[in-house]
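Structure file data_2.txt (compact mmCIF, C-alpha atoms and all ligand atoms) is printed below.
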# COMPACT_ATOMS: atom_id res chain seq x y z
CA ARG W 1 73.54 102.80 126.60
CA ASP W 2 77.01 102.99 125.17
CA GLU W 3 79.93 101.66 127.05
CA ASP W 4 83.36 103.05 126.25
CA SER W 5 85.27 99.85 125.98
CA GLY W 6 88.70 101.21 125.24
CA LYS W 7 89.68 104.14 127.36
CA ASP W 8 93.31 103.96 126.34
CA PHE W 9 92.70 104.28 122.61
CA VAL W 10 94.08 107.38 120.91
CA ASP W 11 93.45 106.94 117.19
CA ILE W 12 90.12 105.16 117.41
CA ILE W 13 86.94 105.19 119.46
CA TYR W 14 85.71 101.78 120.52
CA GLU W 15 82.17 101.42 121.81
CA LYS W 16 79.79 98.60 122.60
CA ALA W 17 76.03 99.00 122.78
CA VAL W 18 75.25 97.15 125.97
CA GLY W 19 72.50 94.58 125.46
CA GLU W 20 72.35 95.25 121.72
CA GLY W 21 75.14 92.94 120.57
CA ILE W 22 76.74 95.70 118.48
CA ALA W 23 80.31 97.00 118.67
CA LYS W 24 81.44 100.12 116.84
CA ILE W 25 84.99 101.04 115.86
CA THR W 26 85.48 104.63 114.71
CA ILE W 27 88.74 105.80 113.16
CA ASN W 28 89.43 109.06 114.95
CA ARG W 29 91.87 111.14 112.93
CA PRO W 30 89.43 113.51 111.20
CA GLU W 31 92.12 116.17 110.69
CA ARG W 32 93.87 113.67 108.38
CA ARG W 33 90.61 112.51 106.76
CA ASN W 34 90.97 109.44 109.01
CA ALA W 35 94.17 108.30 107.34
CA PHE W 36 95.67 105.46 109.32
CA ARG W 37 99.14 105.23 110.78
CA PRO W 38 100.62 102.03 112.32
CA GLN W 39 99.24 103.05 115.75
CA THR W 40 95.71 103.42 114.31
CA VAL W 41 95.89 99.96 112.83
CA LYS W 42 97.28 98.42 116.03
CA GLU W 43 94.36 99.89 117.95
CA MET W 44 91.83 98.64 115.39
CA ILE W 45 93.35 95.16 115.62
CA ARG W 46 92.95 95.23 119.43
CA ALA W 47 89.36 96.44 119.18
CA PHE W 48 88.41 93.83 116.57
CA ASP W 49 90.03 91.15 118.77
CA ASP W 50 87.98 92.31 121.72
CA ALA W 51 84.77 92.29 119.67
CA ARG W 52 85.59 88.81 118.41
CA ASP W 53 86.20 87.46 121.91
CA ASP W 54 83.16 89.12 123.46
CA SER W 55 80.35 86.60 123.11
CA SER W 56 77.75 89.30 123.71
CA ILE W 57 78.81 90.98 120.44
CA GLY W 58 77.29 89.70 117.19
CA VAL W 59 77.98 92.48 114.68
CA ILE W 60 80.72 95.09 114.35
CA ILE W 61 80.42 98.48 112.64
CA LEU W 62 83.51 100.18 111.22
CA THR W 63 83.29 103.88 110.50
CA GLY W 64 85.23 107.15 110.56
CA LYS W 65 84.96 110.20 112.76
CA GLY W 66 83.75 113.50 111.42
CA SER W 67 81.91 114.67 108.44
CA LYS W 68 84.48 114.30 105.73
CA ALA W 69 85.84 110.79 105.54
CA PHE W 70 85.42 107.14 106.35
CA CYS W 71 89.13 106.66 105.77
CA SER W 72 91.65 108.11 103.32
CA GLY W 73 94.12 105.22 103.50
CA GLY W 74 97.68 105.19 104.74
CA ASP W 75 99.04 108.43 106.22
CA GLN W 76 101.25 109.63 103.38
CA ALA W 77 103.20 111.98 105.65
CA LEU W 78 104.48 108.91 107.51
CA ARG W 79 105.27 106.81 104.47
CA LYS W 80 108.92 105.78 104.25
CA ALA W 81 110.90 103.40 102.05
CA ASP W 82 109.77 100.33 103.99
CA GLY W 83 106.19 101.21 104.92
CA TYR W 84 104.49 103.57 107.37
CA VAL W 85 106.51 104.75 110.37
CA ASP W 86 105.27 106.38 113.56
CA TYR W 87 106.79 105.22 116.86
CA ASP W 88 109.24 102.63 115.52
CA ASN W 89 112.33 103.16 113.46
CA PHE W 90 111.10 100.77 110.81
CA GLY W 91 108.15 100.76 108.46
CA ARG W 92 104.97 98.72 108.68
CA LEU W 93 102.11 97.76 106.37
CA ASN W 94 100.10 96.36 109.25
CA VAL W 95 96.81 97.31 107.58
CA LEU W 96 97.27 94.09 105.61
CA ASP W 97 97.05 92.14 108.90
CA LEU W 98 93.89 94.06 109.73
CA GLN W 99 92.34 93.14 106.37
CA VAL W 100 93.01 89.46 107.04
CA GLN W 101 91.62 89.81 110.56
CA ILE W 102 88.33 91.28 109.24
CA ARG W 103 88.00 88.50 106.65
CA ARG W 104 88.54 85.80 109.27
CA LEU W 105 86.48 87.36 112.04
CA PRO W 106 83.51 85.01 112.49
CA LYS W 107 80.97 87.80 112.90
CA PRO W 108 79.61 90.21 110.29
CA VAL W 109 81.51 93.48 109.93
CA ILE W 110 79.65 96.42 108.38
CA ALA W 111 81.41 99.43 106.91
CA MET W 112 79.30 102.52 107.55
CA VAL W 113 80.65 105.01 105.06
CA ASN W 114 79.94 108.19 106.75
CA CYS W 115 79.41 111.74 106.01
CA SER W 116 77.32 114.22 107.86
CA LEU W 117 75.59 117.46 107.07
CA THR W 118 77.57 120.40 108.32
CA LEU W 119 76.28 123.81 109.04
CA TYR W 120 79.12 125.81 107.61
CA SER W 121 78.03 129.33 107.99
CA ALA W 122 75.19 131.64 108.58
CA SER W 123 75.87 134.54 106.31
CA ILE W 124 73.99 137.62 107.16
CA SER W 125 73.07 140.13 104.56
CA CYS W 126 72.78 143.40 106.45
CA LEU W 127 71.41 145.28 103.51
CA LEU W 128 68.45 143.00 103.07
CA ASP W 129 68.32 142.15 106.73
CA ASN W 130 67.98 138.64 105.52
CA ILE W 131 69.52 135.62 107.18
CA VAL W 132 70.77 133.03 104.76
CA VAL W 133 71.76 129.74 106.30
CA MET W 134 73.97 127.66 104.07
CA PHE W 135 74.15 123.89 104.35
CA PHE W 136 76.87 122.12 102.48
CA GLN W 137 76.94 118.41 102.00
CA VAL W 138 80.51 117.35 102.51
CA ALA W 139 81.84 114.30 100.74
CA GLY W 140 82.64 111.33 102.95
CA TYR W 141 85.61 109.67 101.34
CA ALA W 142 86.46 105.99 101.39
CA VAL W 143 89.59 106.16 99.28
CA GLY W 144 92.97 104.47 98.89
CA GLY W 145 93.62 101.97 101.67
CA GLY W 146 90.38 103.22 103.23
CA HIS W 147 88.52 101.98 100.18
CA VAL W 148 90.14 98.58 100.57
CA LEU W 149 89.04 98.50 104.22
CA HIS W 150 85.38 98.95 103.26
CA MET W 151 85.74 96.26 100.57
CA VAL W 152 87.03 93.66 103.03
CA CYS W 153 84.08 94.32 105.33
CA ASP W 154 81.12 91.99 104.82
CA LEU W 155 78.63 94.72 104.05
CA THR W 156 78.84 98.40 103.20
CA ILE W 157 76.14 100.94 103.92
CA ALA W 158 76.82 104.32 102.39
CA ALA W 159 75.47 107.80 102.86
CA ASP W 160 74.14 109.28 99.64
CA ASN W 161 77.08 111.63 99.34
CA ALA W 162 79.85 109.16 100.14
CA ILE W 163 82.66 108.90 97.60
CA PHE W 164 84.65 105.80 96.73
CA GLY W 165 87.88 105.20 94.86
CA GLN W 166 91.47 104.05 94.73
CA THR W 167 94.23 106.65 94.67
CA GLY W 168 97.30 104.41 94.76
CA PRO W 169 98.60 105.00 91.23
CA LYS W 170 98.40 108.77 91.83
CA VAL W 171 100.56 108.61 94.94
CA GLY W 172 102.89 105.80 93.90
CA SER W 173 101.19 102.95 95.72
CA PHE W 174 98.96 99.94 95.14
CA ASP W 175 97.28 97.10 96.98
CA ALA W 176 97.89 93.99 94.94
CA GLY W 177 96.34 91.76 97.61
CA TYR W 178 92.72 91.96 98.70
CA GLY W 179 92.57 95.47 97.29
CA SER W 180 92.79 93.98 93.80
CA SER W 181 91.32 90.48 94.08
CA ILE W 182 88.28 91.33 96.18
CA MET W 183 87.56 94.38 94.06
CA SER W 184 87.62 92.26 90.93
CA ARG W 185 85.10 89.91 92.56
CA LEU W 186 82.87 92.80 93.58
CA VAL W 187 82.79 94.90 90.44
CA GLY W 188 84.17 92.52 87.80
CA PRO W 189 87.61 92.46 86.16
CA LYS W 190 87.06 95.30 83.66
CA LYS W 191 85.64 97.75 86.17
CA ALA W 192 88.37 96.81 88.68
CA ARG W 193 90.99 97.73 86.08
CA GLU W 194 89.21 101.02 85.49
CA MET W 195 89.11 101.78 89.22
CA TRP W 196 92.79 101.04 89.71
CA PHE W 197 94.25 102.28 86.41
CA MET W 198 92.31 105.54 86.24
CA ALA W 199 92.09 106.19 90.01
CA ARG W 200 88.75 107.95 89.56
CA PHE W 201 86.28 108.73 92.31
CA TYR W 202 82.73 107.34 92.23
CA ALA W 203 79.63 108.75 93.87
CA ALA W 204 77.61 106.52 96.17
CA ALA W 205 74.85 105.87 93.61
CA GLU W 206 77.43 104.74 91.05
CA ALA W 207 79.16 102.58 93.66
CA GLU W 208 75.85 100.87 94.40
CA LYS W 209 75.28 100.18 90.70
CA MET W 210 78.78 98.70 90.48
CA GLY W 211 78.11 96.31 93.37
CA LEU W 212 80.63 98.00 95.65
CA VAL W 213 78.09 98.79 98.36
CA ASN W 214 74.92 97.11 99.62
CA THR W 215 72.73 100.15 99.90
CA VAL W 216 72.81 103.92 99.81
CA VAL W 217 70.66 105.88 102.21
CA PRO W 218 70.06 109.55 102.87
CA LEU W 219 72.80 110.89 105.04
CA GLU W 220 70.53 111.60 107.98
CA ASN W 221 69.38 107.95 108.05
CA LEU W 222 72.80 106.36 107.80
CA GLU W 223 73.37 105.30 111.39
CA GLN W 224 69.73 104.36 111.91
CA GLU W 225 69.74 102.19 108.77
CA THR W 226 73.02 100.55 109.78
CA ILE W 227 71.61 99.68 113.21
CA LYS W 228 68.52 98.28 111.49
CA TRP W 229 70.69 95.95 109.39
CA CYS W 230 72.62 94.93 112.51
CA ARG W 231 69.44 94.12 114.41
CA GLU W 232 68.08 92.11 111.51
CA MET W 233 71.24 89.99 111.37
CA LEU W 234 71.33 89.64 115.15
CA LYS W 235 67.95 87.89 115.02
CA ASN W 236 69.51 85.12 112.94
CA SER W 237 71.54 82.09 113.98
CA PRO W 238 75.09 83.20 114.86
CA THR W 239 76.48 79.83 113.81
CA ALA W 240 74.74 80.04 110.45
CA LEU W 241 76.21 83.53 109.88
CA ARG W 242 79.63 82.34 111.00
CA VAL W 243 79.71 79.37 108.64
CA LEU W 244 78.25 81.40 105.78
CA LYS W 245 80.90 84.09 106.17
CA SER W 246 83.72 81.56 106.02
CA ALA W 247 82.03 79.72 103.15
CA LEU W 248 81.60 82.92 101.15
CA ASN W 249 85.28 83.75 101.67
CA ALA W 250 86.70 80.23 101.33
CA VAL W 251 87.50 80.11 97.62
CA ASP W 252 89.01 83.57 97.48
CA ASP W 253 91.03 83.05 100.65
CA GLY W 254 92.56 79.77 99.46
CA HIS W 255 93.99 77.49 102.13
CA THR W 256 93.40 79.97 104.94
CA GLY W 257 89.79 80.37 103.81
CA LEU W 258 89.37 76.63 103.79
CA GLN W 259 91.00 76.43 107.21
CA GLN W 260 88.51 78.92 108.62
CA LEU W 261 85.58 76.94 107.22
CA ALA W 262 87.17 73.68 108.43
CA GLY W 263 87.64 75.21 111.89
CA ASP W 264 83.93 75.99 111.96
CA ALA W 265 83.19 72.34 111.13
CA THR W 266 85.44 71.19 114.01
CA LEU W 267 83.81 73.68 116.36
CA ILE W 268 80.37 72.31 115.52
CA PHE W 269 81.56 68.67 115.67
CA TYR W 270 82.95 69.16 119.20
CA GLY W 271 79.40 69.90 120.32
CA THR W 272 78.04 66.56 119.06
CA GLU W 273 77.68 63.34 121.01
CA GLU W 274 79.89 61.59 118.48
CA GLY W 275 82.69 64.11 118.87
CA ASN W 276 82.37 64.02 122.62
CA GLU W 277 82.54 60.22 122.74
CA GLY W 278 86.12 60.25 121.43
CA LYS W 279 87.31 62.74 124.04
CA THR W 280 85.41 61.11 126.91
CA ALA W 281 86.77 57.68 126.07
CA PHE W 282 90.31 59.07 126.11
CA ILE W 283 89.78 60.73 129.50
CA GLU W 284 88.13 57.57 130.89
CA ARG W 285 90.93 55.39 129.46
CA ARG W 286 88.55 53.15 127.50
CA ARG W 287 88.02 52.34 123.84
CA PRO W 288 85.67 54.81 122.15
CA ASN W 289 82.37 53.33 121.03
CA PHE W 290 81.49 54.98 117.73
CA SER W 291 79.28 52.08 116.62
CA LYS W 292 76.07 53.80 117.66
CA PHE W 293 76.64 56.76 115.35
CA ALA W 294 75.01 56.70 111.93
CA ARG W 295 77.09 56.53 108.78
CA ARG W 296 74.82 58.87 106.89
CA PRO W 297 74.57 58.81 103.10
C1 LIG Y 301 90.62 112.14 100.92
C2 LIG Y 301 90.77 113.37 100.02
C3 LIG Y 301 90.13 113.10 98.65
C4 LIG Y 301 90.03 114.52 100.71
O1 LIG Y 301 90.21 115.72 99.98
P1 LIG Y 301 89.83 117.13 100.67
O2 LIG Y 301 90.05 118.17 99.64
O3 LIG Y 301 88.51 117.03 101.32
O4 LIG Y 301 90.88 117.31 101.88
P2 LIG Y 301 92.45 117.62 101.82
O5 LIG Y 301 92.66 119.07 101.94
O6 LIG Y 301 93.10 116.92 100.70
O7 LIG Y 301 92.93 116.90 103.18
C5 LIG Y 301 92.72 117.48 104.45
C6 LIG Y 301 93.92 117.22 105.30
O8 LIG Y 301 94.04 115.81 105.47
C7 LIG Y 301 95.31 115.39 105.01
C8 LIG Y 301 95.70 116.42 103.97
O9 LIG Y 301 97.10 116.43 103.77
C9 LIG Y 301 95.20 117.69 104.62
O10 LIG Y 301 96.10 118.09 105.63
P3 LIG Y 301 96.41 119.67 105.90
O11 LIG Y 301 96.88 120.22 104.58
O12 LIG Y 301 95.10 120.24 106.35
O13 LIG Y 301 97.44 119.65 106.98
N1 LIG Y 301 95.20 114.06 104.43
C10 LIG Y 301 94.18 113.56 103.70
N2 LIG Y 301 94.42 112.31 103.33
C11 LIG Y 301 95.62 112.00 103.84
C12 LIG Y 301 96.44 110.85 103.81
N3 LIG Y 301 96.04 109.70 103.19
N4 LIG Y 301 97.62 110.88 104.44
C13 LIG Y 301 98.02 111.99 105.09
N5 LIG Y 301 97.31 113.11 105.15
C14 LIG Y 301 96.12 113.11 104.55
C15 LIG Y 301 92.24 113.76 99.81
O14 LIG Y 301 92.74 114.26 101.02
C16 LIG Y 301 93.10 112.66 99.34
O15 LIG Y 301 93.10 112.33 98.17
N6 LIG Y 301 93.89 112.07 100.25
C17 LIG Y 301 94.93 111.12 99.94
C18 LIG Y 301 94.37 109.76 99.65
C19 LIG Y 301 95.50 108.80 99.39
O16 LIG Y 301 96.19 108.91 98.39
N7 LIG Y 301 95.73 107.81 100.29
C20 LIG Y 301 96.80 106.90 100.26
C21 LIG Y 301 96.59 105.78 99.25
S1 LIG Y 301 97.84 104.50 99.37
C22 LIG Y 301 97.23 103.53 100.67
O17 LIG Y 301 96.36 103.93 101.38
C23 LIG Y 301 97.83 102.19 100.93
C24 LIG Y 301 98.16 101.35 99.90
O18 LIG Y 301 97.95 101.72 98.65
C25 LIG Y 301 98.76 100.11 100.18
C26 LIG Y 301 98.95 99.71 101.46
C27 LIG Y 301 98.60 100.56 102.49
C28 LIG Y 301 98.03 101.79 102.23
Spell out the structure here as structure tokens.
Amino acid sequence: RDEDSGKDFVDIIYEKAVGEGIAKITINRPERRNAFRPQTVKEMIRAFDDARDDSSIGVIILTGKGSKAFCSGGDQALRKADGYVDYDNFGRLNVLDLQVQIRRLPKPVIAMVNCSLTLYSASISCLLDNIVVMFFQVAGYAVGGGHVLHMVCDLTIAADNAIFGQTGPKVGSFDAGYGSSIMSRLVGPKKAREMWFMARFYAAAEAEKMGLVNTVVPLENLEQETIKWCREMLKNSPTALRVLKSALNAVDDGHTGLQQLAGDATLIFYGTEEGNEGKTAFIERRRPNFSKFARRP
């Protein structure tokens, strides 16, 4: 059963599968190919915060509404000299905060790069009295800042007709943060230069070969496969996944990456008898007795 966890969201849909441990955040601006505006990002930040704080949630899926896009990046119609502007009279690039939030979130985040089969038309040939039903596979774009969003997720599962790429240099923009450094890690420095300098689009199969995505599945299996991956991870130790995520990010994220990993160590230490002895002694106004704890090699 799905529970609508965010009734006041406008630009996203936020759902939790009760009893499953899975939250799903869907960017809901299909008429703009799920381009984000500051409001969209603010809502995503709230939803990710909720999923982080909810101890019944172990995995989060990020996806886009509709058949045509995961996300097409920043809403260019709202781009001003100091960032993206919707309800304020100043610009924001708050998607950068969202990227950091996803990297630091101590639960796996999966980008489900969507695209669905659409029945476009049933064209009827009267002469032949023959009904021809035409199915078109529509490309599901993860491009521009939307491409960066999938890259900062821990895993990406793509439909076989998803399309990936950076568009920044075509529209006078770039992401010189995670959008560059994480890409270089994923696909290697030469390919990252190609992706950014040429601003080409890549089909899902090519993206898989490049190491941009974990797997490509037939469109009709996308959600099912994503849930399967979620369930498989949910069987594993949440603390192990948490520490592994921060460890895998630590070098690239510098001091903040190290801080996340260090925070995990503190969290685990607080649960030990040795850690607890220090606190208890303070509360009981006595000297702590650490002598019984092993000084391991
Ligand atoms: C995504 C793509 C390839 C889809 O092409 P197509 O042909 O399927 O759709 P179309 O007709 O281009 O788009 C449909 C409607 O969505 C709007 C379009 O303007 C169009 O609107 P109408 O004409 O129907 O009214 N739309 C699509 N993407 C939009 C966007 N990003 N902002 C505002 N409206 C958008 C094709 O649409 C495309 O290439 N889109 C632009 C991709 C792009 O350049 N994104 C920005 C990159 S910069 C960035 O994201 C960024 C950054 O670099 C650094 C920091 C933060 C953000």
Quick one: 5 Å padding each side, axis-aligned, all listed atoms of ligand LIG 301 (chain Y) - centre and edge lengths in Å to one decimal, as lines of an AutoDock Vina configuration file?
center_x = 93.7
center_y = 110.0
center_z = 102.6
size_x = 20.4
size_y = 30.5
size_z = 18.8
Task: Of the listed residues W:Thr239, W:Gln76, W:Ser246, W:Ser55, that which approaches ligand LIG 301 (chain Y) most closely, counting all atoms listed in the file - done: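 With all atoms listed in the file as the atom set, the closest residue is W:Gln76.
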Task: ligand LIG 301 (chain Y) neighbours within 9 Å using all atoms listed in the file, as a PyMOL selection string - done: chain W and resi 30-37+68-69+71-79+83-84+93-96+138-148+163+166-176+179+201
Any chance you can output those residues with C-alpha atoms as an mmCIF file, in the coordinates of the input?
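What landed in again-v2.cif:
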data_model
loop_
_atom_site.group_PDB
_atom_site.id
_atom_site.type_symbol
_atom_site.label_atom_id
_atom_site.label_comp_id
_atom_site.auth_asym_id
_atom_site.auth_seq_id
_atom_site.Cartn_x
_atom_site.Cartn_y
_atom_site.Cartn_z
ATOM 1 C CA PRO W 30 89.430 113.510 111.200
ATOM 2 C CA GLU W 31 92.120 116.170 110.690
ATOM 3 C CA ARG W 32 93.870 113.670 108.380
ATOM 4 C CA ARG W 33 90.610 112.510 106.760
ATOM 5 C CA ASN W 34 90.970 109.440 109.010
ATOM 6 C CA ALA W 35 94.170 108.300 107.340
ATOM 7 C CA PHE W 36 95.670 105.460 109.320
ATOM 8 C CA ARG W 37 99.140 105.230 110.780
ATOM 9 C CA LYS W 68 84.480 114.300 105.730
ATOM 10 C CA ALA W 69 85.840 110.790 105.540
ATOM 11 C CA CYS W 71 89.130 106.660 105.770
ATOM 12 C CA SER W 72 91.650 108.110 103.320
ATOM 13 C CA GLY W 73 94.120 105.220 103.500
ATOM 14 C CA GLY W 74 97.680 105.190 104.740
ATOM 15 C CA ASP W 75 99.040 108.430 106.220
ATOM 16 C CA GLN W 76 101.250 109.630 103.380
ATOM 17 C CA ALA W 77 103.200 111.980 105.650
ATOM 18 C CA LEU W 78 104.480 108.910 107.510
ATOM 19 C CA ARG W 79 105.270 106.810 104.470
ATOM 20 C CA GLY W 83 106.190 101.210 104.920
ATOM 21 C CA TYR W 84 104.490 103.570 107.370
ATOM 22 C CA LEU W 93 102.110 97.760 106.370
ATOM 23 C CA ASN W 94 100.100 96.360 109.250
ATOM 24 C CA VAL W 95 96.810 97.310 107.580
ATOM 25 C CA LEU W 96 97.270 94.090 105.610
ATOM 26 C CA VAL W 138 80.510 117.350 102.510
ATOM 27 C CA ALA W 139 81.840 114.300 100.740
ATOM 28 C CA GLY W 140 82.640 111.330 102.950
ATOM 29 C CA TYR W 141 85.610 109.670 101.340
ATOM 30 C CA ALA W 142 86.460 105.990 101.390
ATOM 31 C CA VAL W 143 89.590 106.160 99.280
ATOM 32 C CA GLY W 144 92.970 104.470 98.890
ATOM 33 C CA GLY W 145 93.620 101.970 101.670
ATOM 34 C CA GLY W 146 90.380 103.220 103.230
ATOM 35 C CA HIS W 147 88.520 101.980 100.180
ATOM 36 C CA VAL W 148 90.140 98.580 100.570
ATOM 37 C CA ILE W 163 82.660 108.900 97.600
ATOM 38 C CA GLN W 166 91.470 104.050 94.730
ATOM 39 C CA THR W 167 94.230 106.650 94.670
ATOM 40 C CA GLY W 168 97.300 104.410 94.760
ATOM 41 C CA PRO W 169 98.600 105.000 91.230
ATOM 42 C CA LYS W 170 98.400 108.770 91.830
ATOM 43 C CA VAL W 171 100.560 108.610 94.940
ATOM 44 C CA GLY W 172 102.890 105.800 93.900
ATOM 45 C CA SER W 173 101.190 102.950 95.720
ATOM 46 C CA PHE W 174 98.960 99.940 95.140
ATOM 47 C CA ASP W 175 97.280 97.100 96.980
ATOM 48 C CA ALA W 176 97.890 93.990 94.940
ATOM 49 C CA GLY W 179 92.570 95.470 97.290
ATOM 50 C CA PHE W 201 86.280 108.730 92.310
#
Task: Nearest candidate to W:Leu98 (options W:Tyr202, W:Phe48, W:Phe290, W:Phe9; using all atoms listed in the file) - done: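 Of all the options, W:Phe48 lies closest to W:Leu98.
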TODO: Excluding W:Ile60 and any residue of its chain fewer than 4 positions from it, enumerate the residues within 12 Å of it, using all atoms listed in the file, and give them as an NGL selection string.
DONE: :W and (14-17 or 20-26 or 44 or 47-52 or 54 or 56 or 102 or 105-112 or 153-156 or 226-227 or 229-231 or 233-234)
TODO: Write out as number ranges by chain which residues come within 12 Å of W:Val251 when counting only C-alpha atoms, dropping same-chain ones fewer than 6 positions away.
DONE: W: 181-182, 185, 245, 257-261
Selected residues, C-alpha atoms, written as a PDB file, in the coordinates of the input, please.
ATOM      1  CA  SER W 181      91.320  90.480  94.080  1.00  0.00           C
ATOM      2  CA  ILE W 182      88.280  91.330  96.180  1.00  0.00           C
ATOM      3  CA  ARG W 185      85.100  89.910  92.560  1.00  0.00           C
ATOM      4  CA  LYS W 245      80.900  84.090 106.170  1.00  0.00           C
ATOM      5  CA  GLY W 257      89.790  80.370 103.810  1.00  0.00           C
ATOM      6  CA  LEU W 258      89.370  76.630 103.790  1.00  0.00           C
ATOM      7  CA  GLN W 259      91.000  76.430 107.210  1.00  0.00           C
ATOM      8  CA  GLN W 260      88.510  78.920 108.620  1.00  0.00           C
ATOM      9  CA  LEU W 261      85.580  76.940 107.220  1.00  0.00           C
TER      10      LEU W 261
END
Task: Nearest to W:Leu244 by atom-to-atom distance, counting all atoms listed in the file, from W:Thr256, W:Arg104, W:Glu194, W:Phe282 - done: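 Of W:Thr256, W:Arg104, W:Glu194, W:Phe282, the one nearest W:Leu244 is W:Arg104, counting all atoms listed in the file.
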TODO: Could you tell me how far atom CA of W:Ala158 lies from atom CA of W:Val59, in Å and to one decimal?
DONE: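 Computing it gives 17.1 Å between the two atoms.
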- [ ] State, in Å with one decimal place, the distance from atom CA of W:Leu149 to atom CA of W:Thr63.
- [x]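 Going from atom CA of W:Leu149 over to atom CA of W:Thr63, I get 10.1 Å.
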Task: 6 Å contact set for W:Ile27, only C-alpha atoms, chain neighbours under 5 positions out, as a list of chain:residue names - done: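 With the cut-off at 6 Å, the set is W:Ile12, W:Asn34, W:Gly64, W:Lys65.
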